[in-house]
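run-v3.cif follows (mmCIF, C-alpha atoms):
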data_data
loop_
_atom_site.label_atom_id
_atom_site.label_comp_id
_atom_site.auth_asym_id
_atom_site.auth_seq_id
_atom_site.Cartn_x
_atom_site.Cartn_y
_atom_site.Cartn_z
CA MET Z 269 71.59 -21.07 -21.20
CA ILE Z 270 69.88 -19.05 -23.93
CA CYS Z 271 66.21 -19.93 -24.47
CA ALA Z 272 64.33 -18.31 -27.35
CA VAL Z 273 60.60 -18.22 -28.08
CA LEU Z 274 58.93 -17.41 -31.38
CA ASN Z 275 55.15 -17.16 -31.06
CA PRO Z 276 52.57 -16.24 -33.73
CA GLU Z 277 49.91 -13.98 -32.22
CA PRO Z 278 46.72 -12.42 -33.65
CA ASP Z 279 48.48 -9.10 -34.28
CA GLY Z 280 51.94 -10.31 -35.32
CA ILE Z 281 54.81 -12.45 -34.08
CA ALA Z 282 56.53 -12.25 -30.70
CA LEU Z 283 60.20 -12.96 -30.01
CA THR Z 284 61.24 -13.55 -26.41
CA VAL Z 285 64.72 -14.55 -25.27
CA LEU Z 286 65.76 -15.59 -21.78
CA LYS Z 287 69.33 -15.84 -20.52
CA ASP Z 288 69.55 -18.13 -17.49
CA ASP Z 289 65.80 -17.50 -16.95
CA ALA Z 290 66.25 -13.71 -16.95
CA LEU Z 291 64.30 -11.82 -19.62
CA LEU Z 292 66.70 -10.48 -22.22
CA ILE Z 293 64.53 -9.74 -25.28
CA ASP Z 294 60.78 -9.13 -25.49
CA ALA Z 295 59.96 -7.84 -28.97
CA ARG Z 296 57.03 -8.03 -31.36
CA THR Z 297 56.62 -7.32 -35.04
CA GLU Z 298 53.67 -7.17 -37.40
CA MET Z 299 53.82 -9.76 -40.17
CA TYR Z 300 51.23 -9.52 -42.90
CA GLY Z 301 51.52 -10.85 -46.42
CA ARG Z 302 54.95 -10.27 -47.90
CA GLU Z 303 56.15 -8.62 -44.70
CA ALA Z 304 56.80 -12.15 -43.43
CA ALA Z 305 59.95 -12.25 -45.55
CA ALA Z 306 61.51 -9.82 -43.06
CA LEU Z 307 61.03 -12.16 -40.08
CA PRO Z 308 64.55 -13.70 -40.13
CA ASP Z 309 66.15 -10.26 -40.25
CA PHE Z 310 63.95 -9.10 -37.36
CA ILE Z 311 65.11 -12.01 -35.21
CA ILE Z 312 68.78 -11.78 -36.16
CA THR Z 313 68.81 -8.01 -35.56
CA ALA Z 314 67.14 -8.35 -32.14
CA LEU Z 315 69.72 -10.95 -31.13
CA ALA Z 316 72.61 -8.84 -32.43
CA GLU Z 317 71.44 -5.84 -30.40
CA ASN Z 318 72.03 -8.03 -27.35
CA ALA Z 319 75.41 -9.35 -28.53
CA LEU Z 320 73.91 -12.70 -29.56
CA THR Z 321 73.69 -14.75 -32.75
CA LEU Z 322 71.53 -17.69 -33.77
CA ASP Z 323 74.40 -19.98 -32.77
CA ASP Z 324 74.09 -18.79 -29.17
CA VAL Z 325 70.54 -20.11 -28.77
CA ASP Z 326 70.43 -23.43 -26.89
CA GLN Z 327 66.65 -23.99 -26.84
CA TRP Z 328 63.79 -22.89 -29.09
CA SER Z 329 60.16 -22.99 -27.96
CA VAL Z 330 57.79 -22.29 -30.84
CA GLY Z 331 54.18 -21.27 -30.37
CA SER Z 332 52.19 -24.12 -31.90
CA GLY Z 333 48.80 -22.43 -31.87
CA PRO Z 334 45.96 -21.88 -32.07
CA GLY Z 335 46.56 -19.28 -34.73
CA SER Z 336 46.93 -18.53 -38.41
CA PHE Z 337 47.75 -21.67 -40.40
CA THR Z 338 50.29 -19.73 -42.46
CA ALA Z 339 52.01 -18.08 -39.49
CA LEU Z 340 52.24 -21.32 -37.52
CA ARG Z 341 53.77 -23.22 -40.41
CA MET Z 342 56.13 -20.38 -41.31
CA VAL Z 343 57.55 -20.05 -37.80
CA ALA Z 344 57.82 -23.83 -37.33
CA ALA Z 345 59.63 -24.24 -40.65
CA LEU Z 346 62.02 -21.36 -39.93
CA VAL Z 347 63.08 -22.68 -36.53
CA SER Z 348 63.28 -26.27 -37.82
CA GLY Z 349 65.75 -25.08 -40.45
CA TRP Z 350 67.85 -23.20 -37.94
CA CYS Z 351 68.00 -26.24 -35.64
CA PHE Z 352 68.70 -28.79 -38.36
CA GLY Z 353 71.98 -30.63 -37.88
CA LYS Z 354 72.81 -28.85 -34.61
CA LYS Z 355 73.27 -31.56 -31.98
CA ASN Z 356 73.47 -29.10 -29.10
CA VAL Z 357 70.27 -27.20 -29.98
CA VAL Z 358 66.80 -28.48 -29.09
CA CYS Z 359 63.33 -27.28 -30.03
CA ARG Z 360 59.69 -28.00 -29.29
CA GLY Z 361 56.20 -26.68 -29.87
CA VAL Z 362 54.22 -25.18 -26.98
CA PRO Z 363 50.66 -23.93 -27.53
CA GLY Z 364 50.60 -20.14 -27.60
CA ALA Z 365 47.41 -20.36 -25.52
CA VAL Z 366 49.70 -21.09 -22.54
CA ALA Z 367 51.13 -17.58 -22.85
CA LEU Z 368 47.67 -16.05 -23.27
CA ALA Z 369 46.34 -17.87 -20.20
CA CYS Z 370 48.94 -16.14 -18.02
CA GLY Z 371 46.76 -13.05 -18.27
CA ALA Z 372 43.83 -14.82 -16.60
CA PRO Z 373 42.85 -14.30 -12.96
CA GLN Z 374 43.67 -17.26 -10.71
CA SER Z 375 41.39 -20.14 -11.61
CA ASP Z 376 41.68 -23.92 -11.89
CA ARG Z 377 40.10 -23.85 -15.36
CA ILE Z 378 40.88 -21.44 -18.19
CA GLY Z 379 39.39 -21.16 -21.66
CA ALA Z 380 41.49 -19.33 -24.27
CA LEU Z 381 39.20 -17.90 -26.98
CA TYR Z 382 40.17 -16.88 -30.51
CA ASP Z 383 38.50 -15.31 -33.51
CA GLY Z 384 37.67 -18.32 -35.70
CA ARG Z 385 36.45 -16.12 -38.55
CA ASN Z 386 33.25 -17.09 -40.39
CA HIS Z 387 31.20 -15.94 -37.36
CA GLU Z 388 32.75 -18.56 -35.08
CA LEU Z 389 35.10 -18.62 -32.14
CA LEU Z 390 37.76 -21.15 -31.22
CA TYR Z 391 38.04 -22.56 -27.69
CA PHE Z 392 41.26 -24.02 -26.24
CA GLY Z 393 41.07 -25.49 -22.73
CA LEU Z 394 43.73 -25.25 -20.03
CA LYS Z 395 44.01 -26.15 -16.37
CA ARG Z 396 46.16 -24.73 -13.60
CA GLU Z 397 48.86 -27.07 -12.28
CA ASN Z 398 51.42 -25.84 -9.74
CA GLY Z 399 50.63 -22.29 -10.78
CA ALA Z 400 51.18 -22.88 -14.50
CA ALA Z 401 48.63 -23.17 -17.32
CA VAL Z 402 48.66 -26.64 -18.89
CA PRO Z 403 46.63 -27.65 -21.99
CA THR Z 404 43.79 -30.11 -21.32
CA GLY Z 405 43.48 -31.18 -24.96
CA GLU Z 406 39.90 -29.90 -25.18
CA THR Z 407 39.20 -27.75 -28.24
CA HIS Z 408 36.00 -26.57 -29.93
CA VAL Z 409 34.79 -24.50 -32.86
CA LEU Z 410 31.60 -22.68 -31.84
CA ASN Z 411 29.03 -20.53 -33.63
CA ALA Z 412 26.62 -18.28 -31.69
CA GLY Z 413 24.01 -21.00 -31.26
CA GLU Z 414 26.51 -23.59 -30.05
CA ALA Z 415 28.22 -21.07 -27.76
CA ALA Z 416 25.02 -20.45 -25.78
CA SER Z 417 24.73 -24.05 -24.57
CA PHE Z 418 28.49 -24.63 -24.35
CA PHE Z 419 29.23 -21.76 -21.96
CA ALA Z 420 26.12 -22.34 -19.86
CA GLY Z 421 27.82 -25.30 -18.17
CA ARG Z 422 31.13 -23.55 -17.42
CA LYS Z 423 30.38 -21.35 -14.44
CA ASP Z 424 33.74 -21.89 -12.71
CA GLU Z 425 35.91 -21.29 -15.78
CA VAL Z 426 37.75 -18.05 -16.59
CA PHE Z 427 37.92 -16.99 -20.25
CA VAL Z 428 40.64 -14.93 -21.91
CA CYS Z 429 41.27 -13.64 -25.41
CA HIS Z 430 43.82 -11.47 -27.15
CA THR Z 431 42.73 -7.81 -27.26
CA HIS Z 432 43.02 -7.97 -31.06
CA ASP Z 433 40.28 -10.65 -31.10
CA LEU Z 434 38.02 -9.11 -28.44
CA GLU Z 435 35.37 -7.60 -30.72
CA ALA Z 436 35.00 -10.77 -32.79
CA VAL Z 437 34.91 -13.02 -29.71
CA LYS Z 438 32.29 -10.90 -27.92
CA ALA Z 439 30.09 -11.05 -31.03
CA ILE Z 440 29.77 -14.83 -30.54
CA LEU Z 441 30.06 -15.07 -26.76
CA PRO Z 442 26.74 -15.05 -24.81
CA LYS Z 443 26.08 -11.64 -23.24
CA ASN Z 444 26.20 -13.05 -19.71
CA VAL Z 445 29.67 -14.57 -20.16
CA GLY Z 446 32.67 -12.38 -19.41
CA VAL Z 447 36.06 -12.53 -21.10
CA VAL Z 448 39.36 -11.00 -19.95
CA PRO Z 449 41.17 -9.21 -22.79
CA VAL Z 450 44.96 -9.68 -22.79
CA ALA Z 451 46.93 -7.04 -24.67
CA LYS Z 452 50.29 -8.79 -24.30
CA ALA Z 453 50.66 -12.53 -23.83
CA ASP Z 454 53.44 -13.72 -21.50
CA THR Z 455 55.56 -15.50 -24.10
CA ALA Z 456 58.30 -16.16 -21.56
CA ALA Z 457 55.89 -18.77 -20.13
CA LEU Z 458 56.47 -20.87 -23.25
CA ALA Z 459 60.20 -21.04 -22.53
CA ARG Z 460 59.55 -21.80 -18.86
CA ASN Z 461 56.97 -24.53 -19.57
CA THR Z 462 57.97 -27.84 -17.96
CA SER Z 463 55.04 -30.01 -19.10
CA ILE Z 464 56.16 -30.38 -22.74
CA ALA Z 465 59.42 -32.10 -23.66
CA PHE Z 466 61.99 -30.85 -26.18
CA ASP Z 467 61.36 -33.45 -28.89
CA ASN Z 468 62.72 -31.53 -31.93
CA ASP Z 469 59.35 -32.01 -33.64
CA LEU Z 470 57.64 -28.81 -34.75
CA THR Z 471 55.02 -30.55 -36.90
CA LYS Z 472 52.46 -30.91 -34.08
CA LEU Z 473 50.55 -27.67 -34.63
CA VAL Z 474 47.20 -26.84 -33.06
CA TYR Z 475 44.63 -26.78 -35.85
CA ILE Z 476 41.31 -26.55 -34.03
CA ARG Z 477 39.60 -26.20 -37.36
CA PRO Z 478 41.08 -28.42 -40.10
CA ALA Z 479 43.23 -26.50 -42.56
CA VAL Z 480 41.65 -28.31 -45.50
CA TYR Z 481 37.97 -28.88 -46.16
CA THR Z 482 36.68 -31.74 -48.31
CA HIS Z 483 33.09 -31.88 -49.48
CA LEU Z 484 31.87 -35.32 -50.46
CA LYS Z 485 29.18 -35.61 -53.13
#
Written as structure tokens, how would this file's structure read?
Amino acid sequence: MICAVLNPEPDGIALTVLKDDALLIDARTEMYGREAAALPDFIITALAENALTLDDVDQWSVGSGPGSFTALRMVAALVSGWCFGKKNVVCRGVPGAVALACGAPQSDRIGALYDGRNHELLYFGLKRENGAAVPTGETHVLNAGEAASFFAGRKDEVFVCHTHDLEAVKAILPKNVGVVPVAKADTAALARNTSIAFDNDLTKLVYIRPAVYTHLK
């Protein structure tokens, strides 16, 4: 069984491939602007270096966010195209926050924090079940004022963020609240996730903040 993961991260895109649950490929590439056009070649080359092709992949787990709107849609569309019409290939979306939460100390409650831009941070809640991080469905967009009251009631929760987002997150986070920086998310956890079914639907992306704003007059 070949299980592949493609996960947009704050500093690029991660490709992880497992063969019968053993880690085979763990690679990352920066993708900014027009560099994104090189993503298919990056994936195909990484597979070829391990004597694999796209046709060898049985399962795709795609990081569904939180993250860049453009990166999430690009990765979802790419994998959807590769899976289209292949009856023996399945895919699904798994929040990338699951991989980030693997870097947290043991705790029943985990908050994954992201740079929300515009002087805000994004919160994605998870809970620990049977040793694995599982999304709770709780999400928030917080500015500095909102963050003060929000985090005051979360004494037993551990917070993590990607190292790339650390400076921006700490600028919003109350001074008395700690956050664990994670330099490398465990993307293999997305392939190993058992709480989300392979439904061949990569349209369910995590947009904590709506991608489109409408101002009514």
Apply the PyMOL selection byres ((chain Z and resi 313-322) around 10) to the displayed file and report the matching residues as a PyMOL selection string. chain Z and resi 270+272+283-285+292-295+307-312+323-326+350-351
Since we have the selection now, will you write its residues out, keeping C-alpha atoms, as a PDB file, in the coordinates of the input?
ATOM      1  CA  ILE Z 270      69.880 -19.050 -23.930  1.00  0.00           C
ATOM      2  CA  ALA Z 272      64.330 -18.310 -27.350  1.00  0.00           C
ATOM      3  CA  LEU Z 283      60.200 -12.960 -30.010  1.00  0.00           C
ATOM      4  CA  THR Z 284      61.240 -13.550 -26.410  1.00  0.00           C
ATOM      5  CA  VAL Z 285      64.720 -14.550 -25.270  1.00  0.00           C
ATOM      6  CA  LEU Z 292      66.700 -10.480 -22.220  1.00  0.00           C
ATOM      7  CA  ILE Z 293      64.530  -9.740 -25.280  1.00  0.00           C
ATOM      8  CA  ASP Z 294      60.780  -9.130 -25.490  1.00  0.00           C
ATOM      9  CA  ALA Z 295      59.960  -7.840 -28.970  1.00  0.00           C
ATOM     10  CA  LEU Z 307      61.030 -12.160 -40.080  1.00  0.00           C
ATOM     11  CA  PRO Z 308      64.550 -13.700 -40.130  1.00  0.00           C
ATOM     12  CA  ASP Z 309      66.150 -10.260 -40.250  1.00  0.00           C
ATOM     13  CA  PHE Z 310      63.950  -9.100 -37.360  1.00  0.00           C
ATOM     14  CA  ILE Z 311      65.110 -12.010 -35.210  1.00  0.00           C
ATOM     15  CA  ILE Z 312      68.780 -11.780 -36.160  1.00  0.00           C
ATOM     16  CA  ASP Z 323      74.400 -19.980 -32.770  1.00  0.00           C
ATOM     17  CA  ASP Z 324      74.090 -18.790 -29.170  1.00  0.00           C
ATOM     18  CA  VAL Z 325      70.540 -20.110 -28.770  1.00  0.00           C
ATOM     19  CA  ASP Z 326      70.430 -23.430 -26.890  1.00  0.00           C
ATOM     20  CA  TRP Z 350      67.850 -23.200 -37.940  1.00  0.00           C
ATOM     21  CA  CYS Z 351      68.000 -26.240 -35.640  1.00  0.00           C
TER      22      CYS Z 351
END
Length of the atom CA of Leu434 of chain Z to atom CA of Phe418 of chain Z vector [Å]: 18.7 Å
Which residue out of Z:Gly421, Z:Gly379, Z:Gly361, Z:Gly349 has the minimum interatomic distance to Glu406 of chain Z when all atoms listed in the file are used? Z:Gly379
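For the structure shown here, the set of residues caught by the PyMOL selection byres ((chain Z and resi 446) around 12) is Ala372, Gly379, Leu381, Phe419, Ala420, Arg422, Lys423, Asp424, Glu425, Val426, Phe427, Val428, Cys429, Leu434, Val437, Lys438, Ala439, Ile440, Leu441, Pro442, Lys443, Asn444, Val445, Val447, Val448 and Pro449 of chain Z.
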What would the selection look like, as an MDAnalysis selection string, if the PyMOL selection byres ((chain Z and resi 392) around 6) were run on the coordinates I just shared? chainID Z and resid 379:380 391 393 407
Which residues are close to segment 460-467 of chain Z, i.e. within 10 Å by all atoms listed in the file, leaving aside same-chain residues fewer than 2 positions away? Reply as a list of chain:residue names. Z:Cys271, Z:Val273, Z:Leu286, Z:Asp289, Z:Gln327, Z:Trp328, Z:Ser329, Z:Val357, Z:Val358, Z:Cys359, Z:Arg360, Z:Gly361, Z:Val362, Z:Pro363, Z:Val366, Z:Ala367, Z:Glu397, Z:Ala400, Z:Ala401, Z:Val402, Z:Pro403, Z:Thr455, Z:Ala456, Z:Ala457, Z:Leu458, Z:Asp469, Z:Leu470
Between atom CA of Val450 of chain Z and atom CA of Gly399 of chain Z - distance in Å to one decimal: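 The value is 18.3 Å.
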So how far away is atom CA of Pro276 of chain Z from atom CA of Asn468 of chain Z, in Å?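 According to the coordinates, atom CA of Asn468 of chain Z and atom CA of Pro276 of chain Z are separated by 18.4 Å.
Distance check against Met342 of chain Z using only C-alpha atoms: of Z:Ile378, Z:Leu274, Z:Met269, Z:Val409, the minimum falls on Z:Leu274.
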Please determine, counting all atoms listed in the file, which residue among Z:Val474, Z:Leu389, Z:Ala339, Z:Ala459 has the shortest atom-to-atom distance to Leu410 of chain Z.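 Using all atoms listed in the file, the shortest distance to Leu410 of chain Z belongs to Z:Leu389.
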